[in-house]
Amino acid sequence: MGHIKSVLGVIIERSYFYGVIILDYDNYDESSSITDPSGFFAELESIYSDTNSGEADKSADSLLAELNAEQKAAVSHLDGPLLILAGAGSGKTRVITYRIAYMMKKHSVQPSSILAITFTNKAANEMKERITALVGDRARYIWCGTFHSIFARILRRHAELIGYSDNFTIVDTDDQVKLIKDSMKELDIPESKVKPKSVQYEISSCKNHMISPEEFKEDAAGDVYRLMVAKIYKRYSEKLVQNNIMDFDDILLNMSILLENNPDVLDFYNDKFKYIMVDEYQDTNLPQYRAIMLLASKHKNICVVGDDDQSIYSFRGADVRMILNFEKDFPGCKVIKLEENYRSTKTILEAANEVIANNTKRKSKALRTSGAQGDKIIVMNADDQVGEAYFIANTIKTMKQKGKFGYSDCAILYRVNALSRSVESALREKGIPFKVYGGLRFYDRKEIKDILAYLRLINDSKDNLAFERIINVPKRSIGDTTVEKIREIAIEENRSMFDICRDAASYSELSRVSAKLLYFVDLIDKLRAPIEEKSFRDYVEYVENESGIIEEIIAQREKKGEVVDRVENLKELLTEAAEFEKNHRVEKDEDELPVEITDDLDELENRTASTTSGLLTLYLENAALYTEGDSNDESEDFVRLMSIHSAKGLEFGSVFLIGVEESVFPSYRSITSEEDLEEERRLMYVAITRAKKNLFVIMTRQRMLFGQTQYNMPSRFMREIDPALLYKMGAERKPAKTDDAVVPMREDARKSIANALSSGFRKEASKKPKEGLTPDQIKAGMEVKHDRFGIGKVLKVEPVGGDALVTVDFDGMRKNMLLNSAGLKKV
DNA sequence: TTTTAATGTGTTTTT
DNA sequence: CACATTAAAA
């Protein structure tokens with residue numbers, strides 16, 4: 001019965017696809033496989049086939065059979081508000097995904113009426129995958145994503161209602177600071193008086209608490225500094241609207257404003273999203289909270305999941321009270337507590353419980369497990385960060401050799417991203433594959449942003465921010481003064497800077513540089529011209545090559561001895577572009593709009609384009625929200641390195657927690673405030689509970705961080721764990737007492753001899769010629785050997801400025817490398 | 001006016 | 001240490 005119902009549901013919902021299918025039939029080519037873009041055929045296949053024993057075939061009731069009593073209650077709860085307080089490792093994600101699957105299978109809830117929101121891209125991807133595993137392809141109709149991505153999508157639809165147009169740009173923090181600086185310049189506020197970065201922080205904080213520039217000004221009341229900030233805030237806000245730009249905070253803020261001021265829009269989404277789920281609810285801030293409350297106001301079918309002990313985003317305006325007050329927001333709501341932990345050993349759980357018990361502001365609860373006691377927590381006291389790194393590399397290697405863990409079962413977690421460096425080099429040296437998550441986000445890298453700026457300017461010549469970024473990249477002898485002049489003229493005439501550039505010859509102020517400016521205009525025109533002749537991926541590659549960025553990077557590398565291969569990053573961008581194209585390109589009749597915006601809002605989920613320029617537009621819309629694609633990594637066996645923040649929601653067989661020292665963790669910025677300290681403690685709680693079987697805690701006596709050697713005490717949090725749970729290695733040291741006055745030891749020898757020596761060393765090392773194949777020796781198809789990756793086969797050789805970019809296949813792992821620095825040898 | 005070299009500065013965590 | 005801003009040189 002359930003099957004029949006869901007089949008009907010599918011057919012009704014997908015009936016419009018028949019048109020596409022019939023059209024395709026006309027061009028049907030026997031030799032190729034059937035095109036099945038919607039997955040409709042595949043789905044029919046899986047529904048009707050009894051032989052398919054995949055999880056997608058689970059009946060609604062068999063879903064429940066796998067759950068404990070509390071989980072069952074949560075999953076089968078359909079209507080009305082529901083609060084799930086889920087401790088770490090209590091099967092939270094499982095409950096969410098199963099609940100969605102159950103709603104669809106048991107109650108025939110339309111997937112397009114379900115809204116499932118998480119905080120990070122990683123969590124969203126994970127959720128999508130797991131739901132797909134349960135219900136099959138229908139999962140794609142669920143509105144599942146991060147707050148930012150979903151809200152941005154809705155905002156585009158109704159942009160005009162809040163004074164924007166639908167192609168608004170989303171800018172990251174860097175561009176945000178740039179705009180703030182511009183605003184300050186216009187207001188004649190010197191950067192010596194007010195730091196742009198702290199203004200950025202203030203503004204962000206205002207938006208997170210929904211304080212308007214006017215309100216901020218009133219609050220400032222006479223305070224000279226804050227009045228200046230208020231002015232900048234106001235100017236900055238105007239700038240955003242004028243230039244059709246939103247920053248990250250705006251996406252959340254504008255969403256709640258949109259819903260608040262437009263009853264008809266609210267009404268529409270009230271009806272559309274009949275069921276709303278929010279994961280990590282303890283991390284919501286005010287705008288998010290307001291938006292969610294409005295969205296849920298009609299049906300009140302809202303289910304929030306969270307854990308007050310895992311609230312670690314208060315710096316972003318997250319407010320634990322949101323989850324603590326849920327019962328007040330929805331009197332009589334159902335509350336379910338999940339306290340049974342299925343993840344960690346007793347030892348790990350006890351340690352976590354002991355640590356978090358020291359926090360005063362929390363709902364008291366204790367995780368329990370019926371699992372094994374497990375190994376003690378290994379506490380390693382290393383001499384310095386190098387010793388720390390080698391300890392980890394050796395331990396991982398040993399565990400791998402003994403078959404205890406695979407590489408992908410191991411994670412190295414840290415409080416600050418900067419700690420990853422030394423571990424990276426140790427892992428590299430030992431030949432252990434790894435991947436660093438977070439830190440400098442892929443899309444934040446200079447070279448990536450430069451290319452993106454080219455694409456943005458090609459896509460929209462009015463994008464002044466992009467214009468300013470690349471007008472002199474690579475160097476074209478166009479300096480600040482010239483840019484300043486162009487900007488003034490542009491403001492004066494209310495035209496784009498690129499337009500002014502095009503007419504450079506007609507402005508006397510620009511006559512001297514007009515040749516250079518025109519060269520730039522020609523370049524952009526030249527780049528723009530062949531867009532429709534190429535696939536999206538190839539077009540991006542074309543821009544990378546023709547813009548001269550690659551040449552410049554190579555030139556710089558030669559001079560400075562660049563360690564990071566920026567060219568590799570650019571090639572990685574092509575992979576992303578190809579992936580994007582795969583998901584968003586669709587063949588269409590020529591007379592249709594390049595970008596398909598249907599009136600059916602369900603289709604917004606997967607917007608498509610038929611032309612390359614259309615794809616480019618789509619791609620750029622959300623570029624600021626993208627993270628490095630980590631979905632297809634699952635099969636590979638490698639160690640993961642990430643901050644504790646980004647590890648939330650994940651679990652690993654074996655966790656190495658590094659830098660567990662006072663002033664690193666807890667951070668020196670937190671140790672003065674009791675409240676911040678509690679957040680650090682929650683962070684420690686999150687870190688500990690990531691581990692399933694083994695936890696290694698590593699601290700060092702001396703650490704080189706931010707260019708200075710620090711001598712820190714072991715973290716106070718280690719004192720909170722019963723010593724009986726610990727196995728200590730290395731030199732014995734007492735953890736810091738909570739009330740110890742902590743003096744962050746800073747060596748004030750800024751220009752020490754050591755510094756001078758080491759920098760001299762580096763230059764010398766880079767001069768050393770790399771032995772290995774040269775560009776004229778290497779050919780595609782050749783077998784080569786690499787120090788780290790071993791034997792591989794050359795797939796492609798591409799000459800670039802005296803060097804060559806080679807693509808090598810190392811046993812299924814493809815790597816792009818610059819030949820002169822790769823040190824490849826012929827086999 | 002732009003490029004280069006020297007000096008200064010800050011450096012949590014994420015979308 | 002990495003990066004950004006500032007001062008001197010081209």
# chains A, B, ... in the order shown; residues from 1 in each chain; ligands from 1

call {"tool": "closest_atom_pairs", "arguments": {"of": "chain B", "to": "chain A", "cutoff": "8 Å", "atoms": "only C-alpha atoms (C1' of nucleotides)", "output": "JSON lines"}}
result
{"residue": "B:DT1", "atom": "C1'", "partner": "A:Gly479", "partner_atom": "CA", "distance": 7.1}
{"residue": "B:DT2", "atom": "C1'", "partner": "A:Gly479", "partner_atom": "CA", "distance": 6.1}
{"residue": "B:DT11", "atom": "C1'", "partner": "A:Phe706", "partner_atom": "CA", "distance": 6.6}
{"residue": "B:DT12", "atom": "C1'", "partner": "A:Val416", "partner_atom": "CA", "distance": 5.9}
{"residue": "B:DT13", "atom": "C1'", "partner": "A:His645", "partner_atom": "CA", "distance": 6.1}
{"residue": "B:DT15", "atom": "C1'", "partner": "A:Phe248", "partner_atom": "CA", "distance": 6.1}

call {"tool": "write_last_selection", "arguments": {"atoms": "all heavy atoms", "output": "compact mmCIF listing (two decimals), in the first residue's frame"}}
result
# COMPACT_ATOMS: atom_id res chain seq x y z
P DT B 1 49.77 61.50 -11.03
OP1 DT B 1 48.52 61.66 -11.76
OP2 DT B 1 49.79 61.63 -9.57
O5' DT B 1 50.34 60.05 -11.31
C5' DT B 1 51.02 59.82 -12.51
C4' DT B 1 51.42 58.37 -12.51
O4' DT B 1 52.82 58.27 -12.13
C3' DT B 1 50.68 57.47 -11.52
O3' DT B 1 50.44 56.24 -12.15
C2' DT B 1 51.62 57.36 -10.34
C1' DT B 1 52.97 57.40 -11.04
N1 DT B 1 54.08 57.96 -10.20
C2 DT B 1 55.35 57.44 -10.37
O2 DT B 1 55.60 56.57 -11.17
N3 DT B 1 56.31 58.00 -9.57
C4 DT B 1 56.13 58.99 -8.63
O4 DT B 1 57.08 59.41 -7.98
C5 DT B 1 54.79 59.50 -8.50
C7 DT B 1 54.47 60.58 -7.49
C6 DT B 1 53.82 58.96 -9.27
P DT B 2 49.73 55.07 -11.54
OP1 DT B 2 48.76 54.59 -12.51
OP2 DT B 2 49.33 55.45 -10.18
O5' DT B 2 50.92 54.00 -11.42
C5' DT B 2 51.63 53.64 -12.61
C4' DT B 2 52.85 52.83 -12.24
O4' DT B 2 53.74 53.63 -11.43
C3' DT B 2 52.56 51.55 -11.45
O3' DT B 2 53.21 50.48 -12.10
C2' DT B 2 53.13 51.83 -10.07
C1' DT B 2 54.23 52.84 -10.37
N1 DT B 2 54.56 53.77 -9.26
C2 DT B 2 55.87 53.90 -8.85
O2 DT B 2 56.79 53.28 -9.35
N3 DT B 2 56.07 54.80 -7.84
C4 DT B 2 55.12 55.55 -7.20
O4 DT B 2 55.42 56.32 -6.30
C5 DT B 2 53.77 55.37 -7.67
C7 DT B 2 52.66 56.14 -7.03
C6 DT B 2 53.54 54.49 -8.67
P DT B 11 43.96 40.74 13.72
OP1 DT B 11 43.63 41.82 12.74
OP2 DT B 11 43.06 40.37 14.80
O5' DT B 11 44.19 39.50 12.83
C5' DT B 11 44.93 38.51 12.69
C4' DT B 11 45.08 37.26 13.52
O4' DT B 11 46.50 37.00 13.32
C3' DT B 11 44.98 37.34 15.02
O3' DT B 11 43.69 37.00 15.54
C2' DT B 11 45.97 36.26 15.48
C1' DT B 11 46.96 36.23 14.38
N1 DT B 11 48.32 36.71 14.77
C2 DT B 11 49.38 36.22 14.04
O2 DT B 11 49.24 35.45 13.13
N3 DT B 11 50.60 36.67 14.45
C4 DT B 11 50.85 37.54 15.49
O4 DT B 11 52.00 37.87 15.77
C5 DT B 11 49.69 38.03 16.20
C7 DT B 11 49.86 38.99 17.31
C6 DT B 11 48.49 37.59 15.82
P DT B 12 42.53 36.09 15.23
OP1 DT B 12 43.07 35.60 14.01
OP2 DT B 12 41.23 36.74 15.33
O5' DT B 12 42.37 34.89 16.34
C5' DT B 12 42.65 33.98 16.51
C4' DT B 12 42.31 32.58 16.15
O4' DT B 12 41.58 32.01 17.23
C3' DT B 12 41.43 32.35 14.94
O3' DT B 12 41.69 31.04 14.48
C2' DT B 12 40.05 32.46 15.49
C1' DT B 12 40.20 32.02 16.95
N1 DT B 12 39.54 32.94 17.88
C2 DT B 12 38.91 32.41 18.97
O2 DT B 12 38.89 31.22 19.19
N3 DT B 12 38.29 33.33 19.80
C4 DT B 12 38.25 34.69 19.64
O4 DT B 12 37.67 35.39 20.45
C5 DT B 12 38.94 35.20 18.47
C7 DT B 12 38.95 36.65 18.21
C6 DT B 12 39.54 34.30 17.65
P DT B 13 41.23 30.55 13.10
OP1 DT B 13 42.06 29.37 12.76
OP2 DT B 13 41.09 31.65 12.14
O5' DT B 13 39.78 30.05 13.47
C5' DT B 13 39.57 28.70 13.81
C4' DT B 13 38.17 28.51 14.32
O4' DT B 13 37.93 29.44 15.38
C3' DT B 13 37.11 28.86 13.27
O3' DT B 13 36.75 27.66 12.64
C2' DT B 13 35.95 29.40 14.10
C1' DT B 13 36.54 29.65 15.46
N1 DT B 13 36.35 31.04 15.96
C2 DT B 13 36.03 31.22 17.28
O2 DT B 13 35.87 30.29 18.05
N3 DT B 13 35.89 32.52 17.67
C4 DT B 13 36.04 33.65 16.88
O4 DT B 13 35.88 34.76 17.35
C5 DT B 13 36.39 33.39 15.51
C7 DT B 13 36.60 34.51 14.58
C6 DT B 13 36.53 32.11 15.12
P DT B 15 31.68 27.01 6.96
OP1 DT B 15 31.14 25.65 6.88
OP2 DT B 15 32.93 27.37 6.28
O5' DT B 15 30.55 28.01 6.45
C5' DT B 15 29.22 27.82 6.87
C4' DT B 15 28.40 29.03 6.43
O4' DT B 15 28.89 30.19 7.12
C3' DT B 15 28.53 29.33 4.93
O3' DT B 15 27.24 29.30 4.34
C2' DT B 15 29.11 30.73 4.85
C1' DT B 15 28.91 31.28 6.24
N1 DT B 15 30.00 32.18 6.71
C2 DT B 15 29.65 33.31 7.40
O2 DT B 15 28.49 33.62 7.64
N3 DT B 15 30.69 34.08 7.81
C4 DT B 15 32.05 33.83 7.61
O4 DT B 15 32.89 34.60 8.03
C5 DT B 15 32.35 32.62 6.89
C7 DT B 15 33.77 32.26 6.62
C6 DT B 15 31.32 31.86 6.48

call {"tool": "residues_around", "arguments": {"residues": "DT4 of chain B", "least_positions_apart": "4", "cutoff": "9 Å", "atoms": "only C-alpha atoms (C1' of nucleotides)", "output": "list in words"}}
result
DA8, DA9 and DA10 of chain C

call {"tool": "residues_around", "arguments": {"residues": "Lys516 of chain A", "least_positions_apart": "2", "cutoff": "12 Å", "atoms": "only C-alpha atoms (C1' of nucleotides)", "output": "VMD selection string"}}
result
chain A and resid 471 to 472 475 to 479 482 501 to 502 504 to 505 510 to 514 518 to 523

call {"tool": "residues_around", "arguments": {"residues": "Phe405 of chain A", "least_positions_apart": "4", "cutoff": "9 Å", "atoms": "only C-alpha atoms (C1' of nucleotides)", "output": "list in words"}}
result
Ile396, Met399, Lys400, Gln401, Asp409, Cys410, Gly653 and Ser654 of chain A

call {"tool": "closest_atom_pairs", "arguments": {"of": "chain C", "to": "chain A", "cutoff": "12 Å", "atoms": "only C-alpha atoms (C1' of nucleotides)", "output": "tab-separated table"}}
result
residue	atom	partner	partner_atom	distance
C:DC1	C1'	A:Gly707	CA	4.6
C:DA2	C1'	A:Phe706	CA	8.9
C:DT5	C1'	A:Glu191	CA	10.9

call {"tool": "write_last_selection", "arguments": {"atoms": "all heavy atoms", "output": "compact mmCIF listing (two decimals), in the first residue's frame"}}
result
# COMPACT_ATOMS: atom_id res chain seq x y z
P DC C 1 60.25 32.19 9.56
OP1 DC C 1 60.42 30.84 9.05
OP2 DC C 1 60.86 33.30 8.89
O5' DC C 1 58.70 32.52 9.73
C5' DC C 1 57.81 31.64 10.35
C4' DC C 1 56.42 32.05 9.92
O4' DC C 1 55.93 33.05 10.83
C3' DC C 1 56.37 32.65 8.52
O3' DC C 1 55.40 31.96 7.75
C2' DC C 1 55.99 34.10 8.73
C1' DC C 1 55.33 34.10 10.11
N1 DC C 1 55.60 35.35 10.87
C2 DC C 1 54.53 36.19 11.22
O2 DC C 1 53.38 35.87 10.87
N3 DC C 1 54.78 37.31 11.91
C4 DC C 1 56.03 37.60 12.27
N4 DC C 1 56.22 38.72 12.97
C5 DC C 1 57.13 36.77 11.94
C6 DC C 1 56.87 35.66 11.24
P DA C 2 55.39 32.09 6.18
OP1 DA C 2 55.02 30.79 5.64
OP2 DA C 2 56.59 32.80 5.69
O5' DA C 2 54.16 33.08 6.02
C5' DA C 2 52.86 32.65 6.43
C4' DA C 2 51.94 33.83 6.31
O4' DA C 2 52.37 34.87 7.20
C3' DA C 2 51.91 34.44 4.90
O3' DA C 2 50.57 34.65 4.53
C2' DA C 2 52.70 35.73 5.05
C1' DA C 2 52.44 36.10 6.51
N9 DA C 2 53.50 36.88 7.13
C8 DA C 2 54.85 36.75 6.98
N7 DA C 2 55.55 37.60 7.68
C5 DA C 2 54.59 38.34 8.35
C6 DA C 2 54.68 39.41 9.25
N6 DA C 2 55.83 39.94 9.67
N1 DA C 2 53.53 39.93 9.73
C2 DA C 2 52.37 39.40 9.33
N3 DA C 2 52.15 38.41 8.48
C4 DA C 2 53.33 37.91 8.02
P DT C 5 46.25 47.37 3.49
OP1 DT C 5 44.87 47.71 3.82
OP2 DT C 5 46.61 47.07 2.10
O5' DT C 5 47.21 48.52 4.02
C5' DT C 5 47.45 48.64 5.43
C4' DT C 5 48.75 49.37 5.66
O4' DT C 5 49.86 48.56 5.22
C3' DT C 5 48.85 50.69 4.87
O3' DT C 5 49.17 51.74 5.76
C2' DT C 5 49.97 50.45 3.87
C1' DT C 5 50.81 49.39 4.59
N1 DT C 5 51.64 48.53 3.69
C2 DT C 5 52.99 48.42 3.93
O2 DT C 5 53.57 48.99 4.84
N3 DT C 5 53.66 47.60 3.05
C4 DT C 5 53.12 46.92 1.99
O4 DT C 5 53.82 46.21 1.27
C5 DT C 5 51.70 47.09 1.79
C7 DT C 5 51.01 46.39 0.65
C6 DT C 5 51.03 47.88 2.64

call {"tool": "select_by_dssp", "arguments": {"residues": "segment 530-719 of chain A", "states": "helix (DSSP H, G or I)", "output": "ChimeraX atom specification"}}
result
/A:530-533,536-546,549-560,566-584,601-606,612-621,623-625,631-633,644-647,674-688,716-719

call {"tool": "closest_residue", "arguments": {"among": "A:Pro196, A:Pro287, A:Gly659, A:Gly772", "to": "Ala389 of chain A", "atoms": "only C-alpha atoms"}}
result
A:Gly659
